[in-house]
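For reference, query-v9.cif (mmCIF, C-alpha atoms and all ligand atoms):
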```
data_upload
loop_
_atom_site.label_atom_id
_atom_site.label_comp_id
_atom_site.auth_asym_id
_atom_site.auth_seq_id
_atom_site.Cartn_x
_atom_site.Cartn_y
_atom_site.Cartn_z
CA MET A 1 -74.25 47.29 53.97
CA LYS A 2 -71.16 45.52 55.32
CA ASN A 3 -71.66 42.94 58.04
CA ILE A 4 -69.08 43.12 60.81
CA LEU A 5 -68.87 40.36 63.43
CA ILE A 6 -68.41 41.80 66.92
CA THR A 7 -67.35 39.11 69.35
CA GLY A 8 -68.16 40.25 72.88
CA GLY A 9 -70.55 42.79 71.37
CA ALA A 10 -72.84 42.85 74.42
CA GLY A 11 -69.94 43.93 76.65
CA TYR A 12 -68.95 47.43 77.68
CA ILE A 13 -66.82 48.52 74.72
CA GLY A 14 -68.47 46.19 72.20
CA SER A 15 -71.99 47.54 72.77
CA HIS A 16 -70.87 51.16 72.30
CA THR A 17 -68.96 50.13 69.19
CA ALA A 18 -72.14 48.53 67.78
CA VAL A 19 -73.77 51.98 68.01
CA GLU A 20 -70.88 53.69 66.24
CA LEU A 21 -70.80 51.02 63.52
CA VAL A 22 -74.47 51.53 62.68
CA LYS A 23 -73.94 55.28 62.57
CA ALA A 24 -71.16 54.72 60.02
CA GLY A 25 -73.33 52.47 57.83
CA TYR A 26 -72.04 49.05 58.94
CA GLU A 27 -74.25 46.19 60.12
CA PRO A 28 -72.97 44.77 63.43
CA ILE A 29 -73.48 41.05 64.04
CA ILE A 30 -73.04 40.42 67.75
CA LEU A 31 -71.72 37.14 69.11
CA ASP A 32 -71.61 36.94 72.90
CA ASP A 33 -71.93 34.16 75.44
CA PHE A 34 -73.07 36.69 78.09
CA SER A 35 -70.41 35.37 80.47
CA ASN A 36 -69.73 38.97 81.50
CA SER A 37 -72.71 40.88 80.16
CA ASN A 38 -76.46 41.02 80.36
CA PRO A 39 -78.68 39.93 77.44
CA ASN A 40 -80.83 43.03 78.08
CA VAL A 41 -78.02 45.07 76.55
CA ILE A 42 -79.34 43.91 73.17
CA ASN A 43 -82.76 45.45 73.91
CA ARG A 44 -81.07 48.65 74.96
CA LEU A 45 -79.17 48.72 71.67
CA VAL A 46 -82.44 48.30 69.79
CA GLU A 47 -83.82 51.30 71.71
CA ILE A 48 -80.80 53.46 70.92
CA LEU A 49 -80.60 52.44 67.28
CA GLY A 50 -84.32 52.28 66.55
CA LYS A 51 -83.83 49.06 64.62
CA GLU A 52 -83.31 45.36 65.19
CA VAL A 53 -79.81 44.13 66.03
CA SER A 54 -78.54 40.75 64.84
CA TYR A 55 -77.09 38.75 67.70
CA PHE A 56 -76.18 35.19 68.60
CA GLU A 57 -75.63 33.71 72.02
CA GLY A 58 -72.56 31.48 71.86
CA ASP A 59 -68.88 30.98 72.48
CA CYS A 60 -66.49 32.35 69.89
CA ASN A 61 -64.09 29.50 70.68
CA ASP A 62 -66.58 27.20 69.00
CA LYS A 63 -66.09 26.77 65.23
CA GLU A 64 -69.62 25.52 64.79
CA VAL A 65 -71.02 28.64 66.36
CA LEU A 66 -68.92 30.72 63.98
CA GLU A 67 -70.21 28.64 61.04
CA LYS A 68 -73.79 29.25 62.13
CA VAL A 69 -73.28 33.00 62.44
CA TYR A 70 -71.49 33.18 59.10
CA ALA A 71 -74.16 31.14 57.31
CA ALA A 72 -76.85 33.54 58.53
CA HIS A 73 -74.85 36.75 58.05
CA PRO A 74 -71.66 36.40 56.00
CA PHE A 75 -69.35 39.02 57.48
CA GLU A 76 -66.53 40.98 55.87
CA GLY A 77 -64.69 41.95 59.00
CA VAL A 78 -64.33 41.14 62.67
CA ILE A 79 -63.83 43.20 65.81
CA HIS A 80 -62.62 40.82 68.47
CA PHE A 81 -63.57 42.10 71.93
CA ALA A 82 -64.47 38.79 73.55
CA ALA A 83 -62.07 38.04 76.39
CA PHE A 84 -61.91 37.79 80.15
CA LYS A 85 -60.42 40.94 81.66
CA ALA A 86 -60.13 40.68 85.45
CA VAL A 87 -56.42 41.05 86.25
CA GLY A 88 -56.70 39.62 89.78
CA GLU A 89 -58.74 36.60 88.69
CA SER A 90 -56.23 35.91 85.93
CA THR A 91 -53.49 35.34 88.51
CA GLN A 92 -55.72 32.76 90.24
CA PHE A 93 -56.99 31.03 87.10
CA PRO A 94 -54.40 31.64 84.39
CA LEU A 95 -55.53 28.75 82.19
CA LYS A 96 -59.05 30.13 82.02
CA TYR A 97 -57.54 33.35 80.62
CA TYR A 98 -55.11 31.72 78.18
CA GLN A 99 -57.82 29.39 76.92
CA ASN A 100 -60.43 32.09 76.34
CA ASN A 101 -58.33 35.08 75.34
CA VAL A 102 -55.62 33.35 73.32
CA GLY A 103 -57.63 30.29 72.28
CA SER A 104 -60.50 32.31 70.83
CA LEU A 105 -58.14 34.38 68.69
CA THR A 106 -56.59 31.30 67.09
CA VAL A 107 -60.03 29.78 66.38
CA LEU A 108 -61.23 33.04 64.87
CA LEU A 109 -58.15 33.57 62.67
CA ASP A 110 -58.38 30.01 61.35
CA PHE A 111 -62.05 30.55 60.57
CA MET A 112 -61.37 33.87 58.84
CA GLN A 113 -58.67 32.30 56.68
CA ARG A 114 -60.95 29.48 55.59
CA LYS A 115 -63.76 31.87 54.65
CA GLY A 116 -61.55 34.56 53.14
CA VAL A 117 -62.60 37.16 55.73
CA LYS A 118 -59.77 39.67 55.67
CA ASN A 119 -60.17 42.45 58.21
CA ILE A 120 -59.80 42.17 61.95
CA VAL A 121 -59.52 44.77 64.68
CA PHE A 122 -58.14 43.38 67.91
CA SER A 123 -58.70 44.75 71.45
CA SER A 124 -55.27 45.17 72.96
CA SER A 125 -54.35 47.25 75.96
CA CYS A 126 -51.82 49.75 77.29
CA THR A 127 -51.05 47.04 79.84
CA VAL A 128 -48.52 45.74 77.28
CA TYR A 129 -46.28 48.74 78.14
CA GLY A 130 -46.12 47.79 81.84
CA GLN A 131 -44.30 50.45 83.87
CA PRO A 132 -42.93 52.55 81.00
CA ASP A 133 -39.49 54.20 81.13
CA GLN A 134 -40.57 57.17 79.03
CA LEU A 135 -43.77 59.18 78.78
CA PRO A 136 -45.95 59.55 76.87
CA VAL A 137 -45.81 56.05 75.38
CA THR A 138 -45.71 55.74 71.61
CA GLU A 139 -46.44 52.56 69.68
CA GLU A 140 -42.64 52.12 69.48
CA THR A 141 -42.20 52.15 73.26
CA PRO A 142 -40.87 48.70 74.18
CA ARG A 143 -43.42 46.33 75.63
CA LYS A 144 -42.51 45.12 79.11
CA GLU A 145 -42.83 41.74 80.73
CA ALA A 146 -46.51 41.34 81.60
CA GLU A 147 -47.51 41.87 85.22
CA SER A 148 -50.37 39.33 85.06
CA PRO A 149 -51.62 36.42 82.97
CA TYR A 150 -54.31 38.78 81.62
CA GLY A 151 -51.65 41.24 80.44
CA ASN A 152 -49.68 38.40 78.96
CA THR A 153 -52.68 37.23 76.91
CA LYS A 154 -52.74 40.67 75.22
CA LYS A 155 -49.02 40.47 74.41
CA ILE A 156 -49.34 36.92 73.12
CA CYS A 157 -52.37 37.81 70.99
CA GLU A 158 -50.47 40.73 69.43
CA ASP A 159 -47.57 38.36 68.67
CA ILE A 160 -49.91 35.76 67.17
CA LEU A 161 -51.39 38.41 64.88
CA VAL A 162 -47.93 39.55 63.75
CA ASP A 163 -46.83 35.97 63.06
CA PHE A 164 -50.05 35.18 61.24
CA VAL A 165 -49.63 38.18 58.93
CA LYS A 166 -45.95 37.24 58.36
CA SER A 167 -47.06 33.75 57.29
CA LYS A 168 -48.67 35.43 54.26
CA ALA A 169 -52.14 34.68 55.54
CA LYS A 170 -54.34 37.03 53.56
CA VAL A 171 -55.55 39.02 56.52
CA LYS A 172 -55.25 42.65 57.51
CA VAL A 173 -54.98 43.48 61.16
CA VAL A 174 -55.14 46.50 63.42
CA SER A 175 -54.41 46.11 67.12
CA LEU A 176 -55.81 48.96 69.20
CA ARG A 177 -54.08 49.50 72.52
CA TYR A 178 -56.80 50.98 74.71
CA PHE A 179 -55.89 53.21 77.60
CA ASN A 180 -58.57 53.55 80.33
CA PRO A 181 -62.10 53.49 78.93
CA VAL A 182 -64.65 55.42 81.00
CA GLY A 183 -68.07 57.00 80.50
CA ALA A 184 -71.19 55.59 78.92
CA HIS A 185 -73.53 56.28 76.03
CA PRO A 186 -74.99 59.77 76.62
CA SER A 187 -78.51 58.24 76.64
CA ALA A 188 -77.50 56.25 79.77
CA LYS A 189 -79.07 53.15 78.17
CA ILE A 190 -75.77 51.24 77.99
CA GLY A 191 -72.58 51.48 80.02
CA GLU A 192 -70.11 49.45 82.05
CA LEU A 193 -71.61 46.62 84.11
CA PRO A 194 -68.91 45.35 86.45
CA ASN A 195 -69.36 41.89 87.88
CA GLY A 196 -68.93 42.07 91.69
CA THR A 197 -66.41 44.53 93.09
CA PRO A 198 -65.23 46.79 90.26
CA ASN A 199 -61.59 46.50 89.21
CA ASN A 200 -61.60 49.93 87.61
CA LEU A 201 -61.62 53.31 89.32
CA VAL A 202 -64.64 55.01 87.79
CA PRO A 203 -67.21 52.22 88.43
CA PHE A 204 -65.88 52.17 92.00
CA VAL A 205 -66.43 55.92 92.21
CA THR A 206 -69.99 55.75 90.84
CA GLN A 207 -70.88 52.80 93.08
CA THR A 208 -69.59 54.73 96.08
CA ALA A 209 -71.58 57.80 95.07
CA VAL A 210 -74.76 55.74 94.77
CA GLY A 211 -74.14 54.00 98.11
CA ILE A 212 -73.27 50.45 96.96
CA ARG A 213 -69.71 50.90 98.30
CA GLU A 214 -68.93 52.66 101.54
CA LYS A 215 -65.77 54.46 100.41
CA ILE A 216 -62.99 54.63 97.89
CA THR A 217 -59.42 53.95 98.90
CA VAL A 218 -56.78 55.82 96.93
CA PHE A 219 -53.81 53.47 96.81
CA GLY A 220 -50.92 55.78 97.60
CA ASP A 221 -50.55 59.56 97.59
CA ASP A 222 -46.76 59.66 97.78
CA TYR A 223 -45.77 58.75 94.24
CA ASP A 224 -43.72 61.09 92.10
CA THR A 225 -46.78 62.64 90.40
CA VAL A 226 -48.58 65.97 90.50
CA ASP A 227 -50.54 65.11 93.69
CA GLY A 228 -48.89 61.81 94.66
CA SER A 229 -51.62 59.52 93.27
CA CYS A 230 -51.31 57.31 90.16
CA ILE A 231 -51.91 58.72 86.70
CA ARG A 232 -53.86 57.21 83.80
CA ASP A 233 -55.21 58.29 80.43
CA PHE A 234 -59.03 58.16 80.64
CA ILE A 235 -60.81 57.88 77.31
CA HIS A 236 -64.57 58.18 76.77
CA VAL A 237 -65.96 54.86 75.59
CA MET A 238 -67.79 56.55 72.67
CA ASP A 239 -64.49 57.95 71.40
CA LEU A 240 -62.91 54.53 71.82
CA ALA A 241 -65.83 52.96 69.95
CA ASN A 242 -65.36 55.41 67.11
CA ALA A 243 -61.67 54.45 66.81
CA HIS A 244 -62.83 50.95 65.75
CA VAL A 245 -64.88 52.40 62.92
CA LYS A 246 -61.88 54.42 61.76
CA ALA A 247 -59.64 51.35 62.03
CA LEU A 248 -62.02 49.27 59.87
CA ALA A 249 -62.15 51.95 57.17
CA TYR A 250 -58.34 52.08 57.23
CA LEU A 251 -58.05 48.30 56.89
CA GLU A 252 -60.35 48.31 53.89
CA LYS A 253 -57.79 50.47 52.04
CA GLN A 254 -54.80 48.20 52.74
CA GLU A 255 -53.30 45.35 50.71
CA ASP A 256 -53.34 41.78 52.08
CA CYS A 257 -50.88 40.73 54.79
CA PHE A 258 -51.04 43.97 56.74
CA TYR A 259 -50.47 44.69 60.43
CA ASP A 260 -50.58 47.94 62.32
CA VAL A 261 -51.00 49.06 65.91
CA PHE A 262 -52.39 52.26 67.47
CA ASN A 263 -52.67 53.73 70.92
CA VAL A 264 -56.19 54.89 71.74
CA GLY A 265 -56.11 57.48 74.51
CA THR A 266 -56.58 61.21 74.91
CA GLY A 267 -52.91 62.03 75.28
CA ASN A 268 -53.60 63.49 78.76
CA GLY A 269 -52.75 61.96 82.09
CA ASN A 270 -55.13 62.48 85.01
CA SER A 271 -54.46 61.43 88.57
CA VAL A 272 -56.79 59.33 90.69
CA LEU A 273 -57.35 62.30 92.99
CA GLU A 274 -58.14 64.52 90.00
CA ILE A 275 -60.77 62.02 88.91
CA ILE A 276 -62.37 62.05 92.33
CA LYS A 277 -62.38 65.85 92.50
CA THR A 278 -63.61 66.31 88.94
CA PHE A 279 -66.37 63.75 89.52
CA GLU A 280 -67.48 65.67 92.62
CA LYS A 281 -67.45 68.99 90.79
CA VAL A 282 -69.19 67.89 87.59
CA ASN A 283 -71.91 65.99 89.43
CA ASN A 284 -72.17 68.33 92.38
CA LEU A 285 -71.71 65.76 95.14
CA LYS A 286 -69.20 64.61 97.74
CA LEU A 287 -67.41 61.29 97.69
CA ASN A 288 -66.25 59.36 100.71
CA TYR A 289 -62.59 58.53 100.11
CA THR A 290 -59.48 57.79 102.12
CA ILE A 291 -55.80 57.45 101.33
CA GLY A 292 -54.42 53.94 101.74
CA PRO A 293 -51.02 52.36 101.20
CA ARG A 294 -49.53 51.80 97.75
CA ARG A 295 -50.85 48.70 95.98
CA PRO A 296 -48.14 46.32 94.76
CA GLY A 297 -47.92 46.03 90.98
CA ASP A 298 -49.66 49.35 90.21
CA VAL A 299 -48.23 51.25 87.26
CA VAL A 300 -47.42 54.71 88.64
CA LYS A 301 -48.09 56.80 85.55
CA ILE A 302 -48.98 56.19 81.96
CA TRP A 303 -50.57 58.17 79.18
CA ALA A 304 -50.61 57.85 75.42
CA ASP A 305 -48.81 59.61 72.66
CA THR A 306 -51.68 59.83 70.18
CA GLN A 307 -49.93 61.36 67.19
CA LYS A 308 -50.07 58.17 65.17
CA ILE A 309 -53.82 57.60 65.49
CA ASN A 310 -54.47 61.33 64.97
CA GLN A 311 -52.42 61.49 61.80
CA VAL A 312 -52.99 58.08 60.22
CA LEU A 313 -56.62 57.38 61.14
CA GLY A 314 -57.70 61.02 61.49
CA TRP A 315 -59.15 60.11 64.88
CA TYR A 316 -59.42 62.69 67.66
CA PRO A 317 -61.38 62.39 70.90
CA GLN A 318 -64.61 64.40 70.95
CA TYR A 319 -65.53 64.00 74.62
CA THR A 320 -63.90 65.64 77.66
CA LEU A 321 -63.08 64.09 81.02
CA GLU A 322 -66.05 66.03 82.44
CA ASP A 323 -68.33 64.41 79.81
CA SER A 324 -67.00 60.98 80.78
CA LEU A 325 -67.61 61.46 84.48
CA ARG A 326 -71.07 62.96 83.94
CA ASP A 327 -72.06 60.09 81.61
CA SER A 328 -70.70 57.45 84.02
CA TRP A 329 -72.76 58.95 86.82
CA ASN A 330 -75.93 59.19 84.71
CA TRP A 331 -75.44 55.54 83.77
CA GLU A 332 -75.00 54.48 87.39
CA LYS A 333 -78.14 56.38 88.41
CA SER A 334 -80.14 54.81 85.59
CA LEU A 335 -79.33 51.26 86.64
CA SER A 336 -82.44 49.48 87.77
CA GLY A 337 -83.21 45.89 88.74
CA GLU A 338 -83.59 45.19 85.04
CA LEU A 339 -79.89 45.45 84.19
CA ALA A 340 -78.04 45.77 87.48
N1 LIG B 401 -62.39 47.81 79.81
C1 LIG B 401 -61.09 48.01 79.88
O1 LIG B 401 -60.60 48.70 80.78
C2 LIG B 401 -60.17 47.46 78.82
C3 LIG B 401 -58.88 48.00 78.65
C4 LIG B 401 -58.04 47.48 77.68
C5 LIG B 401 -58.47 46.41 76.90
N2 LIG B 401 -59.72 45.88 77.08
C6 LIG B 401 -60.15 44.75 76.26
O2 LIG B 401 -61.28 45.14 75.50
C7 LIG B 401 -62.14 44.03 75.28
C8 LIG B 401 -63.54 44.38 75.72
O3 LIG B 401 -63.50 44.80 77.08
P1 LIG B 401 -64.82 45.22 77.86
O4 LIG B 401 -64.40 46.18 78.91
O5 LIG B 401 -65.88 45.59 76.91
O6 LIG B 401 -65.15 43.84 78.58
P2 LIG B 401 -66.58 43.14 78.84
O7 LIG B 401 -66.33 42.01 79.77
O8 LIG B 401 -67.59 44.16 79.20
O9 LIG B 401 -66.93 42.59 77.39
C9 LIG B 401 -66.43 41.37 76.89
C10 LIG B 401 -67.61 40.59 76.37
O10 LIG B 401 -67.13 39.36 75.82
C11 LIG B 401 -68.02 38.32 76.21
N3 LIG B 401 -67.22 37.08 76.12
C12 LIG B 401 -66.15 36.70 76.86
N4 LIG B 401 -65.69 35.52 76.42
C13 LIG B 401 -66.47 35.15 75.36
C14 LIG B 401 -66.48 34.04 74.46
N5 LIG B 401 -65.59 33.07 74.56
N6 LIG B 401 -67.42 33.99 73.49
C15 LIG B 401 -68.34 34.99 73.37
N7 LIG B 401 -68.38 36.06 74.18
C16 LIG B 401 -67.45 36.14 75.16
C17 LIG B 401 -68.51 38.70 77.60
O11 LIG B 401 -69.76 38.12 77.92
C18 LIG B 401 -68.62 40.23 77.45
O12 LIG B 401 -69.93 40.59 76.99
C19 LIG B 401 -61.51 42.86 76.04
O13 LIG B 401 -60.74 42.11 75.12
C20 LIG B 401 -60.62 43.56 77.05
O14 LIG B 401 -59.56 42.74 77.44
C21 LIG B 401 -60.59 46.40 78.01
#
```
I need this file expressed as structure tokens, please.
Ligand SMILES: NC(=O)c1ccc[n+]([C@@H]2O[C@H](COP(=O)([O-])OP(=O)(O)OC[C@H]3O[C@@H](n4cnc5c(N)ncnc54)[C@H](O)[C@@H]3O)[C@@H](O)[C@H]2O)c1
Amino acid sequence: MKNILITGGAGYIGSHTAVELVKAGYEPIILDDFSNSNPNVINRLVEILGKEVSYFEGDCNDKEVLEKVYAAHPFEGVIHFAAFKAVGESTQFPLKYYQNNVGSLTVLLDFMQRKGVKNIVFSSSCTVYGQPDQLPVTEETPRKEAESPYGNTKKICEDILVDFVKSKAKVKVVSLRYFNPVGAHPSAKIGELPNGTPNNLVPFVTQTAVGIREKITVFGDDYDTVDGSCIRDFIHVMDLANAHVKALAYLEKQEDCFYDVFNVGTGNGNSVLEIIKTFEKVNNLKLNYTIGPRRPGDVVKIWADTQKINQVLGWYPQYTLEDSLRDSWNWEKSLSGELA
């Protein structure tokens, strides 16, 4: 069984990926400092998987921590999720973001080179496309100047990976540019756990439905879109998790010094108002929402061209938007004092 290090494996996308890895016959080794996750997620993973899960509490910027993990469980590949991700906070504390998001990648790559660990999947984001000139965006669509320090860390990390591969370092890299992950494991045992006020739409929707938030404000309904609200490509987190498994299998077949990048989205754009209405319909409830002014810096519309990931990795989403919004709601309802 192949050990795969998952940095940030107790987080939203990492925990779902741990489930998909086990299903595919890999052994996930989780390293997380729980700076943005709850240690109980590990117990939930044990419940879902019906087996123990190897995990370490620690900072992936710390070489000694990596040594300790490797000594206990030599790993053959890495999925690097660990990062800070709050766009607003990144404008206030840019160094915190550069240090953690960029710093940890350099520490990890150096460690991998020394140990001869070859495969790494990196969590990038559609934020690298900024406000795109053409839709849908392909992997060839030019990246735009980042709108925030967070977005810039993703661009810089992609560039570091390209340069590292060019230097003839014997690594093989896939960067996955995630669109908007939503949903939760269908068991409702794991899901997204936002810290404070959610930055993303769907957790805001579920928290409003459950009564934690009074109402949702839709930022603008006069854009040039189907109903005037912004458009995103919402991808179920289980489908996104599965893309990592496919990316690892793909890397295993490549020669050394390899780099590739894939969009991970559904290929469909859905508006903010569509999300609200679909959520209401699927879950049979009413949401309190109002229309507010446009929010500066918002990308108006973006969705993925997914032909590359479909054709090269053979990856296709299995879950619908309705599944995502049902699973997000079931997750929200399941939250108790234990994890919330
Ligand atoms: N969720 C999204 O909308 C989205 C979109 C595009 C890209 N991404 C990227 O995907 C990755 C995972 O995102 P997520 O939504 O699961 O976030 P998350 O915050 O839920 O998970 C990240 C995990 O990393 C851990 N962590 C942070 N710094 C660490 C460090 N130095 N050492 C060890 N652990 C550390 C946190 O405790 C957390 O458990 C991130 O790199 C994020 O930037 C997320």
With 6 Å as the cut-off and only C-alpha atoms and all ligand atoms counted, what is the closest atom pair between each nearby residue of chain A and ligand LIG 401 (chain B)? Distances in Å to one decimal, ordered by chain and number, as a Markdown table.
```
| residue | atom | partner | partner_atom | distance |
| --- | --- | --- | --- | --- |
| A:Thr7 | CA | B:LIG401 | N7 | 5.8 |
| A:Gly8 | CA | B:LIG401 | O10 | 3.2 |
| A:Ala10 | CA | B:LIG401 | O12 | 4.5 |
| A:Gly11 | CA | B:LIG401 | O12 | 3.4 |
| A:Tyr12 | CA | B:LIG401 | O5 | 3.7 |
| A:Ile13 | CA | B:LIG401 | O5 | 3.8 |
| A:Gly14 | CA | B:LIG401 | O5 | 5.4 |
| A:Leu31 | CA | B:LIG401 | C15 | 5.8 |
| A:Asp32 | CA | B:LIG401 | N7 | 3.6 |
| A:Asp33 | CA | B:LIG401 | N7 | 4.2 |
| A:Phe34 | CA | B:LIG401 | O11 | 3.6 |
| A:Ser35 | CA | B:LIG401 | O11 | 3.8 |
| A:Asn36 | CA | B:LIG401 | O11 | 3.7 |
| A:Ser37 | CA | B:LIG401 | O12 | 4.2 |
| A:Gly58 | CA | B:LIG401 | C15 | 5.7 |
| A:Asp59 | CA | B:LIG401 | N6 | 3.5 |
| A:Cys60 | CA | B:LIG401 | N6 | 4.1 |
| A:Asn61 | CA | B:LIG401 | N5 | 5.5 |
| A:Phe81 | CA | B:LIG401 | C7 | 4.1 |
| A:Ala82 | CA | B:LIG401 | O10 | 3.5 |
| A:Ala83 | CA | B:LIG401 | C12 | 4.3 |
| A:Phe84 | CA | B:LIG401 | C12 | 5.5 |
| A:Lys85 | CA | B:LIG401 | O14 | 4.7 |
| A:Asn100 | CA | B:LIG401 | N5 | 5.5 |
| A:Ser123 | CA | B:LIG401 | O2 | 4.8 |
| A:Ser124 | CA | B:LIG401 | C5 | 5.2 |
| A:Ser125 | CA | B:LIG401 | C4 | 4.1 |
| A:Tyr178 | CA | B:LIG401 | C4 | 4.8 |
| A:Asn180 | CA | B:LIG401 | O1 | 5.3 |
| A:Pro181 | CA | B:LIG401 | O1 | 5.3 |
```
With C-alpha atoms retained, export the selected residues as a PDB file, in the coordinates of the input.
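Wrote it out as again-v3.pdb, contents follow:
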```pdb
ATOM      1  CA  THR A   7     -67.350  39.110  69.350  1.00  0.00           C
ATOM      2  CA  GLY A   8     -68.160  40.250  72.880  1.00  0.00           C
ATOM      3  CA  ALA A  10     -72.840  42.850  74.420  1.00  0.00           C
ATOM      4  CA  GLY A  11     -69.940  43.930  76.650  1.00  0.00           C
ATOM      5  CA  TYR A  12     -68.950  47.430  77.680  1.00  0.00           C
ATOM      6  CA  ILE A  13     -66.820  48.520  74.720  1.00  0.00           C
ATOM      7  CA  GLY A  14     -68.470  46.190  72.200  1.00  0.00           C
ATOM      8  CA  LEU A  31     -71.720  37.140  69.110  1.00  0.00           C
ATOM      9  CA  ASP A  32     -71.610  36.940  72.900  1.00  0.00           C
ATOM     10  CA  ASP A  33     -71.930  34.160  75.440  1.00  0.00           C
ATOM     11  CA  PHE A  34     -73.070  36.690  78.090  1.00  0.00           C
ATOM     12  CA  SER A  35     -70.410  35.370  80.470  1.00  0.00           C
ATOM     13  CA  ASN A  36     -69.730  38.970  81.500  1.00  0.00           C
ATOM     14  CA  SER A  37     -72.710  40.880  80.160  1.00  0.00           C
ATOM     15  CA  GLY A  58     -72.560  31.480  71.860  1.00  0.00           C
ATOM     16  CA  ASP A  59     -68.880  30.980  72.480  1.00  0.00           C
ATOM     17  CA  CYS A  60     -66.490  32.350  69.890  1.00  0.00           C
ATOM     18  CA  ASN A  61     -64.090  29.500  70.680  1.00  0.00           C
ATOM     19  CA  PHE A  81     -63.570  42.100  71.930  1.00  0.00           C
ATOM     20  CA  ALA A  82     -64.470  38.790  73.550  1.00  0.00           C
ATOM     21  CA  ALA A  83     -62.070  38.040  76.390  1.00  0.00           C
ATOM     22  CA  PHE A  84     -61.910  37.790  80.150  1.00  0.00           C
ATOM     23  CA  LYS A  85     -60.420  40.940  81.660  1.00  0.00           C
ATOM     24  CA  ASN A 100     -60.430  32.090  76.340  1.00  0.00           C
ATOM     25  CA  SER A 123     -58.700  44.750  71.450  1.00  0.00           C
ATOM     26  CA  SER A 124     -55.270  45.170  72.960  1.00  0.00           C
ATOM     27  CA  SER A 125     -54.350  47.250  75.960  1.00  0.00           C
ATOM     28  CA  TYR A 178     -56.800  50.980  74.710  1.00  0.00           C
ATOM     29  CA  ASN A 180     -58.570  53.550  80.330  1.00  0.00           C
ATOM     30  CA  PRO A 181     -62.100  53.490  78.930  1.00  0.00           C
TER      31      PRO A 181
END
```
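When all atoms listed in the file are used to measure the gap to Ile235 (chain A), the shortest distance among A:Asp323, A:Glu280, A:Glu27, A:Glu52 belongs to A:Asp323.
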Counting only C-alpha atoms, which residues in region 62-173 of chain A sit no more than 8 Å from region 250-255 of chain A? For each one, give the nearest pair of atoms and the distance in Å, sorted by chain then residue number, as a tab-separated table.
```
residue	atom	partner	partner_atom	distance
A:Asn119	CA	A:Leu251	CA	6.4
A:Lys172	CA	A:Leu251	CA	6.3
A:Val173	CA	A:Leu251	CA	7.1
```
Write the residues of the preceding selection, restricted to C-alpha atoms, as a PDB file, in the frame of the given file.
```pdb
ATOM      1  CA  ASN A 119     -60.170  42.450  58.210  1.00  0.00           C
ATOM      2  CA  LYS A 172     -55.250  42.650  57.510  1.00  0.00           C
ATOM      3  CA  VAL A 173     -54.980  43.480  61.160  1.00  0.00           C
TER       4      VAL A 173
END
```
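What separates CA of Ser90 (chain A) from CA of Cys157 (chain A) is a distance of 15.5 Å.
Within the 9 Å cut-off around Leu135 (chain A), using only C-alpha atoms and omitting residues fewer than 5 positions from it on the same chain, the listed residues are Lys301, Ile302, Trp303, Ala304 and Asp305 of chain A.
Of the listed residues A:Ala241, A:Phe164, A:Asp227, A:Glu47, the one whose atoms come nearest to Gly9 (chain A) is A:Ala241, with distances taken using all atoms listed in the file.
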Practice task
Find the residue from A:Thr141, A:Asn330, A:Thr127, A:Thr278 that sits nearest to Gly297 (chain A); use only C-alpha atoms when measuring.
Solution key: A:Thr127
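Here CA of Gly151 (chain A) stands at a distance of 11.8 Å from CA of Glu89 (chain A).
With CA of Pro296 (chain A) on one side and CA of Gly196 (chain A) on the other, the separation reads 21.4 Å.
Counting all atoms listed in the file, the residue from A:Ile275, A:Ala18, A:Val162, A:Leu105 that sits nearest to Lys63 (chain A) is A:Leu105.
With distances restricted to all atoms listed in the file, A:Asn3 is the closest residue to Pro74 (chain A) from A:Asn3, A:Ser15, A:Gln131, A:Thr290.
Using all atoms listed in the file, the nearest neighbour of Val117 (chain A) within the list A:Leu325, A:Leu95, A:Ala72, A:Ile4 is A:Ile4.
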Kindly list the centre and edge lengths in Å, rounded to one decimal, for the axis-aligned box that covers all listed atoms of region 142-146 of chain A plus 4 Å on each of its six sides, as lines of an AutoDock Vina configuration file.
```
center_x = -43.7
center_y = 45.0
center_z = 77.9
size_x = 13.6
size_y = 15.4
size_z = 15.4
```
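The environment of Leu5 (chain A) within 9 Å, counting only C-alpha atoms and disregarding residues fewer than 4 places along the same chain, consists of Gly9, Glu27, Pro28, Ile29, Ile30, Leu31, Val69, Tyr70, His73, Pro74, Phe75, Glu76, Gly77, Val78, Ile79 and His80 of chain A.
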